[in-house]
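*Asks:* Pasting in a structure now, in structure tokens, and then I'll have a few things to ask.
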Amino acid sequence: MWAVLGCPHCKAPLQAQEAQTRVTCAPCRLSWPVEEGIPRLAPEHAVAEPPVSGT
Ligand SMILES: [Zn+2]
């Protein structure tokens, strides 16, 4: 399915998160919402992911 979609910025494969309600790009640390099964990859929908730390 759309799991093979690439990041609009770096073209890395997007990863589904949270029961496929969001997709994320690890290299960019950005995520986008998935609405009715369709990733909304518009720039205005991109959300910066918090840095992953040791906790
Ligand atoms: Zn990216």
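In the structure tokens, chains take letters A, B, ... by order of appearance, with residues numbered from 1 within each chain and ligands from 1 in the order shown.
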List every residue of chain A that has an atom at most 7 Å from any atom of ligand 1, giving for each one its closest atom pair and the distance in Å to one decimal, counting only C-alpha atoms and all ligand atoms, sorted by chain and then by ascending residue number, as a Markdown table.

*Replies:*
```
| residue | atom | partner | partner_atom_place_in_ligand_line | distance |
| --- | --- | --- | --- | --- |
| A:Cys7 | CA | ligand 1 | 1 (Zn) | 4.5 |
| A:Pro8 | CA | ligand 1 | 1 (Zn) | 6.5 |
| A:His9 | CA | ligand 1 | 1 (Zn) | 4.8 |
| A:Cys10 | CA | ligand 1 | 1 (Zn) | 4.1 |
| A:Lys11 | CA | ligand 1 | 1 (Zn) | 5.9 |
| A:Ala12 | CA | ligand 1 | 1 (Zn) | 5.5 |
| A:Cys25 | CA | ligand 1 | 1 (Zn) | 4.8 |
| A:Ala26 | CA | ligand 1 | 1 (Zn) | 6.7 |
| A:Pro27 | CA | ligand 1 | 1 (Zn) | 5.3 |
| A:Cys28 | CA | ligand 1 | 1 (Zn) | 4.2 |
| A:Leu30 | CA | ligand 1 | 1 (Zn) | 7.0 |
```

*Asks:* Residues of chain A in strand (DSSP E) according to DSSP, as a PyMOL selection string?

*Replies:* chain A and resi 15-17+22-25+30-35+38-39+47-48

*Asks:* Leaving out Arg22 in chain A and any residue of its chain fewer than 6 positions from it, which residues lie within 8 Å of it when counting only C-alpha atoms, given as number ranges by chain?

*Replies:* A: 16, 31-34, 39

*Asks:* Mind the document's chain letters and residue numbers, and return as a ChimeraX atom specification the residues of chain A that DSSP labels helix (DSSP H, G or I).

*Replies:* /A:2-4,43-45

*Asks:* How would the residues just chosen look if you wrote them out with all heavy atoms as a CSV table (one decimal), in the first residue's frame?

*Replies:*
```
chain,number,residue,atom,x,y,z
A,2,TRP,N,0.4,2.3,0.7
A,2,TRP,CA,1.1,3.5,0.7
A,2,TRP,C,2.3,3.5,1.6
A,2,TRP,O,3.1,4.5,1.7
A,2,TRP,CB,0.2,4.7,1.1
A,2,TRP,CG,-0.6,4.4,2.3
A,2,TRP,CD1,-1.9,4.1,2.4
A,2,TRP,CD2,-0.2,4.5,3.7
A,2,TRP,NE1,-2.3,3.9,3.6
A,2,TRP,CE2,-1.3,4.2,4.5
A,2,TRP,CE3,1.0,4.8,4.3
A,2,TRP,CZ2,-1.2,4.1,5.9
A,2,TRP,CZ3,1.1,4.8,5.7
A,2,TRP,CH2,0.0,4.4,6.4
A,3,ALA,N,2.6,2.4,2.2
A,3,ALA,CA,3.8,2.3,3.1
A,3,ALA,C,5.0,2.4,2.2
A,3,ALA,O,6.1,2.8,2.7
A,3,ALA,CB,3.8,0.9,3.8
A,4,VAL,N,4.9,2.2,0.9
A,4,VAL,CA,6.0,2.3,0.0
A,4,VAL,C,6.2,3.8,-0.5
A,4,VAL,O,7.2,4.1,-1.2
A,4,VAL,CB,5.9,1.4,-1.2
A,4,VAL,CG1,5.8,0.0,-0.8
A,4,VAL,CG2,4.7,1.8,-2.1
A,43,PRO,N,3.0,20.1,2.7
A,43,PRO,CA,4.0,20.7,3.6
A,43,PRO,C,3.3,21.3,4.8
A,43,PRO,O,3.8,21.3,6.0
A,43,PRO,CB,4.7,21.8,2.8
A,43,PRO,CG,4.6,21.3,1.4
A,43,PRO,CD,3.2,20.6,1.3
A,44,GLU,N,2.1,21.9,4.7
A,44,GLU,CA,1.4,22.5,5.8
A,44,GLU,C,0.9,21.5,6.8
A,44,GLU,O,0.6,21.8,7.9
A,44,GLU,CB,0.2,23.4,5.3
A,44,GLU,CG,-0.9,22.6,4.6
A,44,GLU,CD,-0.7,22.6,3.1
A,44,GLU,OE1,0.5,22.6,2.7
A,44,GLU,OE2,-1.7,22.6,2.4
A,45,HIS,N,0.9,20.2,6.5
A,45,HIS,CA,0.5,19.1,7.4
A,45,HIS,C,1.7,18.5,8.1
A,45,HIS,O,1.5,17.7,9.0
A,45,HIS,CB,-0.3,18.1,6.6
A,45,HIS,CG,-1.6,18.5,6.2
A,45,HIS,ND1,-2.2,18.0,5.1
A,45,HIS,CD2,-2.4,19.5,6.7
A,45,HIS,CE1,-3.4,18.6,4.9
A,45,HIS,NE2,-3.5,19.5,5.9
```

*Asks:* Determine the nearest neighbour of Ile38 in chain A from the options A:Val23, A:Gln17, A:Pro50, A:Thr55, counting only C-alpha atoms.

*Replies:*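 So, comparing all the options, the nearest one is A:Val23.
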
*Asks:* Do you have the CA of Ala19 in chain A-CA of Ala42 in chain A distance handy?

*Replies:*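 Atom-to-atom, CA of Ala19 in chain A to CA of Ala42 in chain A, that is 20.6 Å.
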